[in-house]
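Below you'll find the structure, written out as structure tokens, and then a few comments.
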Amino acid sequence: MVALRGEVSWFCCGSAWGPCGTAGGGACGTCRSANYQHAWPNTSDACLAITRPDACGVTGMSRRGCGFRHYTTNLCNGARVGTTIADCGPQTDLFCGERTCCGSACGSNRIIDLTPAAYSAIASLTTGLRPCSVDTV
Amino acid sequence: MNQTLDRRRLLATAALGGMVGATGLGSLAPDAAFAAEASAIEPGLPDPNFAEGRISKISGNMLLVTGSDTVLHSIRVTDGTSIWKLRPTTFDRVATGDGLYARGVRLPDGTLAADSVWVNIVNVHGHITSVGRNVLHLDHKGQRIVAHVVPQVSAAVYNGAPAVSDLSLLRVGRHVQVLGAWHPDTNEIDIATVYAAA
């Protein structure tokens with residue numbers, strides 16, 4: 001897979017407190033906030049019908065199943081983390097055309113959501129959204 | 001110089017008894033503080049340098065936290081720990097019952113020497129069902145959430161544009177992402193940043 005450029009955010013899953021308490025184990029049933037995992041918009045036909053990255057013109061988003069590894073790089077600082085698919089998401093079409101930049105490093109459209117453990121390894125949770133690139137090696 | 005590693009080593013040193021002030025580390029930009037070393041954690045597995053849960057007891061500079069999976073964590077806060085609770089804050093603002101995520105260095109005795117602690121932080125998606133004076137009502141996966149606008153704190157990001165304090169463009173029916181701080185044991189949050197599509 002050619003590195004895909006876009007935006008990364010974070011989400012909670014598994015046993016949790018607060019509004020996250022209803023999140024559950026995600027589409028794969030294995031998602032935990034403290035694990036290095038992520039949500040991917042193209043885990044199945046049903047998933048893709050919800051997330052619709054194609055509606056935003058995002059191409060090159062391969063079909064990947066539960067447990068598949070991706071590596072996400074925060075374009076603001078070069079930090080990188082490896083995670084496995086544990087859920088379907090983000091819902092790319094709800095933020096079509098959204099663009100996040102750090103200086104000249106930009107990403108458009110939401111392509112991956114990381115668990116708090118994974119996101120906080122490459123950025124502060126308070127940032128909420130960062131430009132990123134995603135690859136498989 | 002690897003600033004992050006140096007900072008974490010200093011924090012660990014501080015936690016072990018040689019207190020080191022954060023001022024000695026200089027100021028780190030948010031992203032710079034999380035740059036540097038590639039994670040050695042196997043994808044899919046838990047990160048031993050990360051903890052989440054609710055604070056069951058505060059003893060001195062230690063937070064005793066019960067993880068959502070019932071695992072118990074001892075988290076040591078040092079002078080160098082950055083604490084967020086809706087905004088950057090101080091240790092005295094942290095309370096029993098608060099939820100948290102923490103990242104730091106796991107010490108040999110199992111204690112986590114915290115580099116960062118995010119208290120009650122939530123990042124929820126939802127549709128706006130109504131807009132009131134300084135409040136948004138959200139439908140989050142069928143769950144009602146009351147999101148309060150906090151003057152001088154809450155900001156909006158419209159379609160990736162720079163954050164502004166004007167939240168008046170938010171409309172009923174729009175989908176938003178809200179980064180904020182939960183009011184423990186309620187369905188209410190305070191808004192730090194609300195992200196809205198164009």
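FYI, nothing fancy with the structure tokens labels: chains A, B, ... in order, residues from 1 per chain, ligands from 1 as they appear.
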Problem set entry | Residue neighbourhood Val105 of chain B, 6 Å, only C-alpha atoms, exclusion window fewer than 6 positions, as a list in words |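 Everything that qualifies: Asn49, Leu112 and Ala113 of chain B.
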Problem set entry | Sel. of alpha helix (DSSP H) residues, segment 36-67 of chain A, as a ChimeraX atom specification | /A:45-51
Exercise. Restricting the calculation to only C-alpha atoms, which member of B:Asn123, B:Thr89, B:Thr66, B:Ser165 is positioned closest to chain A?
Worked result: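 The shortest atom-to-atom distance to chain A comes from B:Asn123.
You can rank A:Ser108, A:Thr127, A:Thr83, A:Thr43 by their closest distance to chain B using only C-alpha atoms, and at the top of that list sits A:Thr83.
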Seminar exercise, completed: atom CA of Ala123 of chain A sits from atom CA of Leu72 of chain B at a separation of 25.0 Å
For this session: Would you return as a PyMOL selection string the members of segment 15-177 of chain B that DSSP assigns to strand (DSSP E) on this structure's backbone?
Result: chain B and resi 50-59+62-66+72-76+82-84+88-89+99-106+112-119+121-132+135-140+143-148+155-158+175-177
Exercise. Do you know which residues are at most 12 Å from Cys102 of chain A counting only C-alpha atoms, after dropping those on the same chain fewer than 2 positions away, and could you put them as a PyMOL selection string?
Worked result: (chain A and resi 7+74-78+99-100+104-107+127+129-132) or (chain B and resi 30-32+160-162)
At a cut-off of 7 Å, list the chain A residues touching chain B, using only C-alpha atoms, as a CSV table (one decimal) with C-alpha atoms, in the first residue's frame.
```csv
chain,number,residue,atom,x,y,z
A,11,PHE,CA,-11.5,7.2,20.1
A,15,SER,CA,-14.3,-1.0,29.2
A,16,ALA,CA,-14.2,2.7,29.9
A,17,TRP,CA,-15.4,5.6,32.0
A,18,GLY,CA,-17.7,8.5,31.1
A,19,PRO,CA,-19.3,8.8,27.7
A,34,ALA,CA,-5.0,0.9,26.5
A,35,ASN,CA,-3.9,-1.2,23.5
A,36,TYR,CA,-2.1,-0.1,20.3
A,37,GLN,CA,-5.1,-0.5,18.0
A,69,ARG,CA,-1.2,-3.8,11.0
A,76,CYS,CA,3.7,17.5,13.0
A,77,ASN,CA,6.6,15.8,14.7
A,78,GLY,CA,7.5,12.6,12.7
A,79,ALA,CA,6.5,10.3,15.6
A,80,ARG,CA,5.2,6.9,14.4
A,81,VAL,CA,3.2,4.1,16.0
A,82,GLY,CA,2.1,0.6,14.9
A,83,THR,CA,-1.4,-0.6,15.6
A,84,THR,CA,-3.8,-3.3,14.6
A,94,LEU,CA,-19.1,13.4,7.9
A,95,PHE,CA,-16.0,15.6,7.6
A,98,GLU,CA,-11.6,18.9,6.4
A,99,ARG,CA,-7.9,19.8,6.4
A,100,THR,CA,-5.5,19.9,9.3
A,117,ALA,CA,-2.8,4.6,24.1
A,121,ALA,CA,2.4,7.8,21.8
A,122,ILE,CA,2.6,10.3,18.9
A,123,ALA,CA,0.7,13.4,20.1
A,124,SER,CA,-1.0,14.8,23.1
A,128,GLY,CA,-7.7,15.9,19.0
```
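Taking only C-alpha atoms, the non-local environment of Gly29 of chain A within 12 Å (same-chain residues fewer than 4 positions away omitted) comprises Cys13, Gly14, Ser15, Ala23, Gly24, Gly25, Gln37, Ala39, Cys66, Gly67, Ile85, Ala86, Asp87 and Cys88 of chain A.
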